[in-house]
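Structure data follow from protein_26.txt (compact mmCIF, C-alpha atoms):
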```
# COMPACT_ATOMS: atom_id res chain seq x y z
CA MET A 1 -187.55 378.26 102.24
CA ASN A 2 -188.18 374.56 101.78
CA ASN A 3 -186.89 374.72 98.24
CA ARG A 4 -184.04 376.99 99.19
CA ILE A 5 -182.76 374.44 101.74
CA LYS A 6 -183.07 371.70 99.15
CA ALA A 7 -181.28 373.78 96.58
CA ALA A 8 -178.56 374.69 99.06
CA PHE A 9 -177.80 371.06 99.86
CA ASP A 10 -178.18 370.13 96.21
CA SER A 11 -175.26 372.34 95.43
CA ILE A 12 -172.99 370.18 97.61
CA HIS A 13 -171.37 367.34 95.75
CA ALA A 14 -168.52 365.03 96.55
CA GLU A 15 -165.57 366.00 94.38
CA GLU A 16 -164.51 363.47 91.79
CA ALA A 17 -160.99 363.47 93.27
CA LEU A 18 -162.37 362.55 96.71
CA LYS A 19 -164.43 359.72 95.21
CA GLN A 20 -161.41 358.51 93.27
CA ARG A 21 -159.18 358.51 96.34
CA THR A 22 -161.85 356.60 98.28
CA ARG A 23 -162.15 354.07 95.44
CA GLU A 24 -158.38 353.58 95.42
CA PHE A 25 -158.28 353.22 99.20
CA LEU A 26 -161.05 350.60 99.16
CA SER A 27 -159.54 348.77 96.21
CA GLU A 28 -156.22 348.50 98.03
CA ARG A 29 -157.91 347.32 101.23
CA ILE A 30 -160.04 344.75 99.42
CA GLN A 31 -157.02 343.35 97.58
CA ARG A 32 -154.96 343.25 100.74
CA THR A 33 -157.74 341.42 102.57
CA ASN A 34 -158.17 338.99 99.69
CA ARG A 35 -154.45 338.31 99.62
CA ARG A 36 -154.50 337.63 103.32
CA ARG A 37 -157.58 335.46 103.09
CA SER A 38 -156.78 332.14 101.52
CA PRO A 39 -159.61 330.55 99.61
CA VAL A 40 -161.73 328.02 101.48
CA ARG A 41 -160.32 325.21 99.39
CA VAL A 42 -156.77 326.07 100.36
CA LYS A 43 -157.79 326.25 104.01
CA LEU A 44 -159.58 322.93 103.72
CA ALA A 45 -156.58 321.31 102.04
CA ALA A 46 -154.28 322.68 104.73
CA ALA A 47 -156.60 321.36 107.44
CA CYS A 48 -156.71 317.94 105.74
CA ALA A 49 -152.92 317.90 105.41
CA CYS A 50 -152.60 318.73 109.10
CA LEU A 51 -155.04 315.98 109.97
CA VAL A 52 -153.20 313.48 107.80
CA LEU A 53 -149.89 314.50 109.35
CA LEU A 54 -151.40 314.22 112.80
CA LEU A 55 -152.84 310.78 112.07
CA ALA A 56 -149.65 309.65 110.36
CA GLY A 57 -147.62 310.98 113.28
CA GLY A 58 -149.92 309.27 115.76
CA TYR A 59 -149.84 306.06 113.77
CA SER A 60 -146.07 306.10 113.37
CA PHE A 61 -145.70 306.72 117.08
CA PHE A 62 -148.05 304.01 118.23
CA ALA A 63 -147.31 301.42 115.54
CA PRO A 64 -144.61 298.96 116.56
CA VAL A 65 -142.03 298.39 113.84
CA SER A 66 -139.53 296.40 115.89
CA ALA A 67 -139.89 293.96 118.74
CA ILE A 68 -137.85 292.37 121.46
CA SER A 69 -138.78 289.03 122.91
CA VAL A 70 -137.42 288.29 126.37
CA ASP A 71 -137.84 284.69 127.46
CA VAL A 72 -136.75 282.96 130.62
CA ASN A 73 -139.69 281.30 132.09
CA PRO A 74 -141.62 284.53 131.82
CA SER A 75 -142.08 285.15 128.16
CA VAL A 76 -142.69 288.73 127.14
CA GLU A 77 -142.62 290.73 123.96
CA LEU A 78 -141.96 294.46 123.72
CA GLY A 79 -143.29 296.30 120.67
CA ILE A 80 -140.99 299.19 119.66
CA ASN A 81 -141.95 302.11 117.46
CA LEU A 82 -140.03 304.02 114.84
CA PHE A 83 -138.53 306.21 117.54
CA ASP A 84 -137.20 303.23 119.53
CA ARG A 85 -139.84 303.65 122.21
CA VAL A 86 -141.72 300.75 123.74
CA VAL A 87 -145.35 301.06 122.68
CA SER A 88 -146.62 297.65 123.73
CA ALA A 89 -145.68 294.98 126.22
CA VAL A 90 -147.34 291.58 126.10
CA GLY A 91 -146.86 288.58 128.35
CA TYR A 92 -147.10 285.22 126.61
CA ASN A 93 -147.47 283.10 129.71
CA GLU A 94 -148.70 283.58 133.25
CA ASP A 95 -145.27 284.61 134.56
CA GLY A 96 -144.77 286.94 131.62
CA THR A 97 -148.10 288.67 132.23
CA ALA A 98 -147.30 289.03 135.92
CA LEU A 99 -143.89 290.48 135.07
CA ILE A 100 -145.33 292.99 132.61
CA ASP A 101 -148.05 293.99 135.06
CA SER A 102 -145.46 294.71 137.73
CA LEU A 103 -143.50 297.12 135.51
CA ASP A 104 -144.25 300.30 133.62
CA LEU A 105 -142.24 299.99 130.44
CA LYS A 106 -144.40 301.88 127.98
CA TYR A 107 -142.96 304.89 126.11
CA GLN A 108 -139.46 304.32 127.44
CA ASP A 109 -136.62 303.83 125.00
CA TYR A 110 -136.04 300.13 124.56
CA PRO A 111 -132.57 299.90 126.20
CA SER A 112 -133.98 301.55 129.34
CA ALA A 113 -137.08 299.39 129.26
CA LEU A 114 -134.97 296.28 128.84
CA GLU A 115 -132.73 297.31 131.71
CA LYS A 116 -135.75 297.90 133.90
CA LEU A 117 -137.07 294.49 132.93
CA MET A 118 -133.77 292.69 133.53
CA THR A 119 -133.14 294.34 136.89
CA SER A 120 -136.66 293.73 138.16
CA ASP A 121 -137.05 291.51 141.24
CA ARG A 122 -138.82 288.78 139.33
CA MET A 123 -136.16 288.65 136.63
CA SER A 124 -133.33 288.83 139.15
CA TYR A 125 -134.74 285.73 140.79
CA TYR A 126 -134.40 283.76 137.58
CA LEU A 127 -130.96 285.14 136.80
CA GLU A 128 -129.66 284.31 140.25
CA ASN A 129 -131.01 280.77 140.02
CA ASP A 130 -129.37 279.73 136.78
CA GLY A 131 -132.24 280.70 134.53
CA LEU A 132 -131.36 281.20 130.88
CA VAL A 133 -132.46 284.52 129.45
CA SER A 134 -133.01 284.62 125.73
CA ILE A 135 -133.32 288.06 124.16
CA THR A 136 -134.48 287.99 120.56
CA VAL A 137 -134.66 291.17 118.55
CA LEU A 138 -136.61 291.71 115.38
CA GLY A 139 -136.21 294.94 113.41
CA PRO A 140 -137.99 296.07 110.25
CA THR A 141 -134.76 295.39 108.36
CA GLU A 142 -131.76 293.21 108.96
CA GLU A 143 -129.64 296.32 109.47
CA LYS A 144 -131.98 297.52 112.18
CA SER A 145 -131.91 294.10 113.87
CA GLU A 146 -128.10 294.17 113.76
CA LYS A 147 -128.08 297.66 115.21
CA MET A 148 -130.39 296.58 118.02
CA LEU A 149 -128.15 293.64 118.79
CA GLU A 150 -125.19 296.01 118.88
CA VAL A 151 -127.00 298.22 121.37
CA LEU A 152 -127.71 295.18 123.54
CA SER A 153 -124.10 294.07 123.24
CA VAL A 154 -122.85 297.52 124.31
CA ARG A 155 -125.16 297.31 127.31
CA GLY A 156 -123.52 294.03 128.27
CA TYR A 157 -126.31 291.65 127.36
CA GLY A 158 -124.97 288.46 125.88
CA SER A 159 -121.61 288.76 127.64
CA THR A 160 -122.81 286.65 130.54
CA PRO A 161 -123.30 282.91 129.98
CA ASN A 162 -126.93 282.87 131.06
CA VAL A 163 -128.05 285.68 128.72
CA VAL A 164 -128.11 284.99 125.01
CA CYS A 165 -129.10 287.38 122.26
CA HIS A 166 -130.44 286.48 118.85
CA SER A 167 -131.93 288.07 115.85
CA GLY A 168 -135.45 286.86 115.11
CA VAL A 169 -137.06 285.75 111.86
CA ARG A 170 -139.91 287.95 110.63
CA GLY A 171 -141.73 285.06 109.01
CA ASP A 172 -142.01 283.23 112.33
CA VAL A 173 -143.82 285.98 114.21
CA GLU A 174 -147.32 285.23 112.99
CA ALA A 175 -146.95 281.49 113.52
CA ALA A 176 -145.46 282.11 116.98
CA HIS A 177 -148.36 284.29 118.08
CA LYS A 178 -150.84 281.87 116.61
CA ALA A 179 -149.25 279.09 118.64
CA GLY A 180 -149.25 281.27 121.78
CA PHE A 181 -145.47 281.80 121.88
CA SER A 182 -143.41 284.91 121.91
CA PHE A 183 -141.36 284.89 118.74
CA GLY A 184 -138.17 284.39 120.79
CA LYS A 185 -139.46 281.27 122.47
CA TYR A 186 -140.97 280.02 119.23
CA ARG A 187 -137.55 280.31 117.65
CA ALA A 188 -136.14 278.14 120.44
CA PHE A 189 -139.01 275.69 120.03
CA LEU A 190 -138.32 275.39 116.30
CA GLU A 191 -134.67 274.75 117.01
CA LEU A 192 -135.55 272.05 119.52
CA HIS A 193 -138.18 270.60 117.23
CA ALA A 194 -135.58 270.31 114.52
CA LEU A 195 -133.55 268.15 116.90
CA ASP A 196 -136.45 266.30 118.45
CA SER A 197 -139.64 266.11 116.47
CA THR A 198 -141.49 264.54 119.38
CA VAL A 199 -141.57 267.85 121.26
CA THR A 200 -144.98 269.41 120.95
CA GLU A 201 -145.91 273.08 121.12
CA GLU A 202 -147.85 272.38 124.30
CA GLU A 203 -144.76 270.86 125.92
CA ALA A 204 -142.52 273.70 124.76
CA ARG A 205 -144.93 276.30 126.12
CA ARG A 206 -144.53 274.80 129.58
CA MET A 207 -140.73 274.59 129.36
CA THR A 208 -138.35 277.28 130.54
CA MET A 209 -135.66 278.51 128.20
CA ARG A 210 -133.08 276.67 130.30
CA GLN A 211 -135.01 273.43 129.86
CA ILE A 212 -135.29 273.97 126.12
CA ARG A 213 -131.58 274.71 125.88
CA ASP A 214 -130.63 271.70 128.01
CA ARG A 215 -132.87 269.49 125.93
CA MET A 216 -131.26 270.77 122.74
CA ASP A 217 -127.80 270.17 124.21
CA ALA A 218 -128.85 266.68 125.26
CA CYS A 219 -130.18 265.89 121.82
CA SER A 220 -127.05 267.23 120.19
CA SER A 221 -124.88 265.06 122.41
CA GLY A 222 -127.21 262.10 122.22
CA LEU A 223 -128.04 262.08 125.96
CA PRO A 224 -131.52 261.97 127.40
CA GLY A 225 -132.83 265.45 128.27
CA GLU A 226 -133.42 264.83 131.97
CA GLU A 227 -129.79 263.91 132.58
CA ASN A 228 -128.68 267.36 131.48
CA ALA A 229 -131.48 269.20 133.21
CA GLY A 230 -130.54 270.69 136.56
CA GLY A 231 -132.52 272.27 139.44
CA GLY A 232 -133.59 275.84 139.98
CA PRO A 233 -136.55 277.73 138.75
CA GLY A 234 -135.58 277.23 135.15
CA ARG A 235 -135.44 273.46 135.46
CA HIS A 236 -138.95 272.52 136.28
CA GLY A 237 -142.04 272.27 134.26
CA ILE A 238 -141.33 269.43 131.88
CA SER A 239 -143.00 266.22 132.54
CA GLY A 240 -142.22 262.78 131.23
CA GLY A 241 -138.98 261.56 129.77
CA ALA A 242 -139.40 262.41 126.15
CA SER A 243 -136.42 261.40 124.08
CA CYS A 244 -134.45 264.21 122.49
CA CYS A 245 -133.04 263.51 119.12
CA LYS A 246 -132.65 265.21 115.80
CA GLN A 247 -135.36 264.23 113.42
CA GLU A 248 -132.93 262.56 111.05
CA ARG A 249 -131.19 260.60 113.77
CA LEU A 250 -132.07 257.17 115.01
CA PRO A 251 -134.10 257.13 118.22
CA CYS A 252 -132.00 257.65 121.33
CA PRO A 253 -131.22 254.56 123.34
CA MET B 254 -167.21 341.21 102.52
CA ARG B 255 -168.36 343.15 99.47
CA ASP B 256 -166.31 343.35 96.27
CA GLU B 257 -164.75 346.31 94.54
CA GLN B 258 -167.65 346.67 92.12
CA GLU B 259 -170.17 347.00 94.93
CA ALA B 260 -167.90 349.50 96.67
CA CYS B 261 -167.73 351.66 93.53
CA ARG B 262 -171.51 351.50 93.11
CA ALA B 263 -172.02 352.61 96.71
CA ILE B 264 -169.55 355.48 96.32
CA GLU B 265 -171.33 356.61 93.18
CA ARG B 266 -174.72 356.42 94.85
CA TYR B 267 -174.01 357.77 98.32
CA ALA B 268 -170.92 360.00 97.97
CA ASP B 269 -172.99 363.20 97.87
CA THR B 270 -175.10 362.15 100.88
CA VAL B 271 -171.98 361.38 102.91
CA LYS B 272 -170.40 364.64 101.81
CA ARG B 273 -173.48 366.65 102.88
CA LEU B 274 -173.56 364.99 106.27
CA CYS B 275 -169.85 365.68 106.66
CA ILE B 276 -170.44 369.35 105.84
CA ILE B 277 -173.19 369.46 108.46
CA HIS B 278 -170.99 367.97 111.14
CA LEU B 279 -167.38 368.69 110.32
CA LYS B 280 -166.96 371.56 107.90
CA ASN B 281 -163.44 370.35 107.29
CA GLY B 282 -161.94 368.81 104.17
CA PRO B 283 -159.37 366.33 105.56
CA ASP B 284 -161.85 365.04 108.14
CA THR B 285 -164.38 364.53 105.35
CA GLU B 286 -161.92 362.30 103.57
CA ASP B 287 -161.40 360.26 106.74
CA ILE B 288 -165.15 359.86 107.13
CA PHE B 289 -165.50 358.89 103.49
CA GLN B 290 -162.93 356.15 103.83
CA ASN B 291 -164.34 354.87 107.12
CA VAL B 292 -167.96 354.84 105.97
CA PHE B 293 -167.29 353.05 102.71
CA LEU B 294 -164.81 350.68 104.32
CA LYS B 295 -167.49 349.74 106.84
CA TYR B 296 -169.86 349.26 103.93
CA VAL B 297 -167.39 346.93 102.22
CA LEU B 298 -166.65 344.95 105.38
CA SER B 299 -170.28 344.76 106.49
CA SER B 300 -172.11 341.52 105.88
CA ILE B 301 -175.54 343.10 106.36
CA VAL B 302 -178.06 342.24 103.66
CA PHE B 303 -180.08 345.30 102.70
CA GLU B 304 -183.77 344.74 102.11
CA SER B 305 -184.06 347.76 99.79
CA GLU B 306 -182.24 350.82 98.54
CA GLU B 307 -183.97 352.86 101.26
CA HIS B 308 -182.65 350.48 103.88
CA GLU B 309 -179.16 350.78 102.42
CA LYS B 310 -179.35 354.58 102.30
CA ALA B 311 -180.59 354.77 105.89
CA TRP B 312 -177.66 352.53 106.91
CA VAL B 313 -175.18 354.83 105.16
CA ILE B 314 -176.71 357.92 106.80
CA ARG B 315 -176.67 356.30 110.23
CA VAL B 316 -173.06 355.15 109.89
CA THR B 317 -171.93 358.53 108.55
CA ILE B 318 -173.55 360.43 111.43
CA ASN B 319 -171.96 358.03 113.93
CA GLU B 320 -168.56 358.35 112.29
CA CYS B 321 -168.82 362.13 112.38
CA LYS B 322 -169.81 362.09 116.03
CA ASP B 323 -166.96 359.74 116.87
CA LEU B 324 -164.50 361.97 115.08
CA LEU B 325 -165.79 365.04 116.87
CA LYS B 326 -165.54 363.23 120.16
CA SER B 327 -161.92 362.32 119.53
CA PHE B 328 -160.70 365.63 118.13
CA PHE B 329 -163.55 367.87 119.15
CA ARG B 330 -162.91 371.44 118.20
CA SER B 331 -159.16 371.12 117.73
CA ARG B 332 -159.57 370.14 114.12
CA THR B 333 -162.64 372.11 113.14
CA VAL B 334 -162.42 375.49 111.46
CA PRO B 335 -164.85 378.37 111.36
CA LEU B 336 -167.48 378.25 108.65
CA GLU B 337 -165.81 381.04 106.72
CA GLU B 338 -162.64 378.98 106.40
CA ALA B 339 -164.38 375.82 105.34
CA PRO B 340 -163.03 374.96 101.91
CA ASP B 341 -165.83 372.66 100.78
CA LEU B 342 -168.74 375.04 100.68
CA PRO B 343 -170.10 375.73 97.22
CA ALA B 344 -169.44 379.14 95.72
CA GLN B 345 -172.11 381.77 95.94
CA ASP B 346 -174.98 380.70 93.68
CA PRO B 347 -177.85 382.79 92.30
CA ALA B 348 -180.45 381.22 94.59
CA GLY B 349 -178.49 382.25 97.69
CA GLY B 350 -177.50 378.68 98.51
CA ARG B 351 -174.48 379.70 100.54
CA GLU B 352 -176.60 381.95 102.73
CA VAL B 353 -179.13 379.21 103.41
CA LEU B 354 -176.43 376.68 103.98
CA GLY B 355 -174.66 379.07 106.29
CA ALA B 356 -177.88 379.51 108.24
CA VAL B 357 -178.37 375.75 108.53
CA LEU B 358 -174.79 375.16 109.56
CA SER B 359 -174.95 377.90 112.14
CA LEU B 360 -177.77 376.05 113.90
CA PRO B 361 -176.85 374.10 117.02
CA GLN B 362 -175.64 370.60 116.10
CA ARG B 363 -178.79 368.85 117.35
CA TYR B 364 -180.95 370.75 114.81
CA ARG B 365 -178.79 370.27 111.75
CA ASP B 366 -179.37 366.55 111.26
CA VAL B 367 -183.14 366.81 111.52
CA ILE B 368 -183.29 369.78 109.15
CA TYR B 369 -181.15 367.96 106.58
CA LEU B 370 -182.98 364.67 106.94
CA HIS B 371 -186.41 366.27 106.83
CA TYR B 372 -186.01 368.97 104.20
CA TYR B 373 -183.42 367.44 101.96
CA GLU B 374 -183.77 363.67 102.32
CA GLY B 375 -187.53 363.90 102.84
CA TYR B 376 -187.75 361.68 105.91
CA SER B 377 -190.77 362.06 108.19
CA ALA B 378 -190.37 362.74 111.90
CA VAL B 379 -191.14 359.11 112.63
CA GLU B 380 -188.47 357.92 110.19
CA ILE B 381 -185.93 360.39 111.57
CA GLY B 382 -186.75 359.15 115.07
CA LYS B 383 -185.94 355.60 114.01
CA LEU B 384 -182.82 356.65 112.15
CA LEU B 385 -181.40 358.68 115.01
CA SER B 386 -182.79 356.41 117.71
CA LYS B 387 -184.71 359.28 119.24
CA ASN B 388 -188.24 359.76 120.45
CA VAL B 389 -190.61 361.04 117.70
CA ASN B 390 -191.82 363.87 119.91
CA SER B 391 -188.23 365.00 120.39
CA ILE B 392 -187.84 365.08 116.62
CA TYR B 393 -191.00 367.20 116.28
CA THR B 394 -189.65 369.57 118.91
CA LEU B 395 -186.24 369.77 117.24
CA LEU B 396 -187.84 370.44 113.86
CA HIS B 397 -190.10 373.11 115.26
CA ARG B 398 -187.28 374.93 116.99
CA ALA B 399 -184.94 374.61 114.02
CA LYS B 400 -187.60 376.09 111.72
CA ALA B 401 -188.10 378.98 114.10
CA LEU B 402 -184.38 379.69 114.21
CA LEU B 403 -184.07 379.53 110.43
CA ARG B 404 -187.07 381.77 109.98
CA GLU B 405 -185.49 384.21 112.33
CA ASP B 406 -182.22 384.08 110.48
CA LEU B 407 -183.44 383.98 106.89
CA GLY B 408 -186.87 385.53 107.21
CA GLY B 409 -189.96 384.31 105.32
CA ASP B 410 -192.62 381.85 106.40
CA GLU B 411 -192.53 379.23 103.69
CA LEU B 412 -190.68 376.72 105.79
CA GLU B 413 -193.30 374.02 106.13
```
In structure tokens, what does this structure look like?
Amino acid sequence: MNNRIKAAFDSIHAEEALKQRTREFLSERIQRTNRRRSPVRVKLAAACACLVLLLAGGYSFFAPVSAISVDVNPSVELGINLFDRVVSAVGYNEDGTALIDSLDLKYQDYPSALEKLMTSDRMSYYLENDGLVSITVLGPTEEKSEKMLEVLSVRGYGSTPNVVCHSGVRGDVEAAHKAGFSFGKYRAFLELHALDSTVTEEEARRMTMRQIRDRMDACSSGLPGEENAGGGPGRHGISGGASCCKQERLPCP
Amino acid sequence: MRDEQEACRAIERYADTVKRLCIIHLKNGPDTEDIFQNVFLKYVLSSIVFESEEHEKAWVIRVTINECKDLLKSFFRSRTVPLEEAPDLPAQDPAGGREVLGAVLSLPQRYRDVIYLHYYEGYSAVEIGKLLSKNVNSIYTLLHRAKALLREDLGGDELE
């Protein structure tokens, strides 16, 4: 009986056609799975590409490519990214730091951030008291700087006598920061220094934009600085009666 | 995942075993093909590392029995046919294979696996217990009763 059972089962074999169909089925499934499964290298490359894109995206978002320097007595600089969003705000003097601390400008588009800054209580105080606001823009290219100035012009900045807009000089930025100026104020300092070489960086740092402007006007017209300087919050902070003359000129009387 | 070459080797090696287990459980051609595809697909997709050929064979047997049981659970009798209609049985052979096979297949389901595994595959009761996840004593009981039924059906006393 033992052998008969063995013999009976021995007579059962899988048909060749069944085996062939199973082989074809498995072959198709294996190939389909392999097609669907990308090799590890491809996956790794895709992951790296994603990471690079993510880092590049993060970098391009957080890296400032343009800047706006707003100087009255507070002196602040807004760093602007590729997408025209404010990604950094730095105060370059005590008033500037206090102004920045009182506002949340980060990640707003720069026209909105600038509007918020200009309409803030602290800024309004200077504007209402004859302060001179200097807005200096610096783009990655001259075209971008021009475009930024256009945007400011459309928004009405520069149309009032106590708000002036300029385009900055890229080469001055490093020197300005090194000297503790925003690049907008440093630009004004350089202009004044060209008229009156006796003005020091230390003096200019303590001057308001109105005082710098008045001093430049005085030097240009040959009058002593103090005579042109008026009152108000923008007219204090300079001590001594330094003469204001162009370097090439003879000393003022 | 195993490659095509390994799949072909497994089919070559275990096709008959799977077929015999299918005959024991299903007695139906189209279902056998389903089981074939499922068992060997599981083999291909499995990441298990077999320690030996015996280990691999035991895995195939276990998976085939489970697949058959699952299929029976889902379709139960609706897709099974009487033994006489089963197309896969071998033709009458001189040693009376069909008669013996018919006797084995007419046993209650619980006896068929143990008879096949013991008399054909040569597994001991202990090994069958492990393979079917059953108590060894239950296997001894099943074997004893199955032998008695076969003896009754086929006559003779050589079933040892």
Kindly provide the residues of range 15-74 of chain A that approach range 123-131 of chain A to within 9 Å, each paired with its closest atom pair and their distance in Å to one decimal, based on only C-alpha atoms, listed by chain and increasing number, as JSON lines.
```
{"residue": "A:Val72", "atom": "CA", "partner": "A:Gly131", "partner_atom": "CA", "distance": 6.4}
{"residue": "A:Asn73", "atom": "CA", "partner": "A:Gly131", "partner_atom": "CA", "distance": 7.9}
{"residue": "A:Pro74", "atom": "CA", "partner": "A:Met123", "partner_atom": "CA", "distance": 8.4}
```
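Picture a line from CA of Cys321 in chain B to CA of Phe9 in chain A; it runs 17.8 Å.
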Quiz prompt | Selected residue, from B:Ile318, B:Ala378, B:Val313, B:Val353, that lies nearest to chain A when counting all atoms listed in the file | solution = B:Val353
Practice problem: With a distance cut-off of 12 Å and all atoms listed in the file, select the neighbouring residues of range 287-291 of chain B, excluding the residue or stretch itself and same-chain residues fewer than 3 positions from it, and output the selection as a VMD selection string. | Solution: (chain A and resid 14 to 15 18 to 29) or (chain B and resid 260 263 to 264 267 to 276 278 to 284 294 to 299 313 to 314 316 to 325)
Quiz item: When distances are computed from all atoms listed in the file, which of A:Asp121, A:Glu16, A:Asp214, A:Glu142 shows the smallest separation from chain B?
Solution: A:Glu16
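The space separating CA of Val389 in chain B from CA of Ala311 in chain B comes to 16.7 Å.
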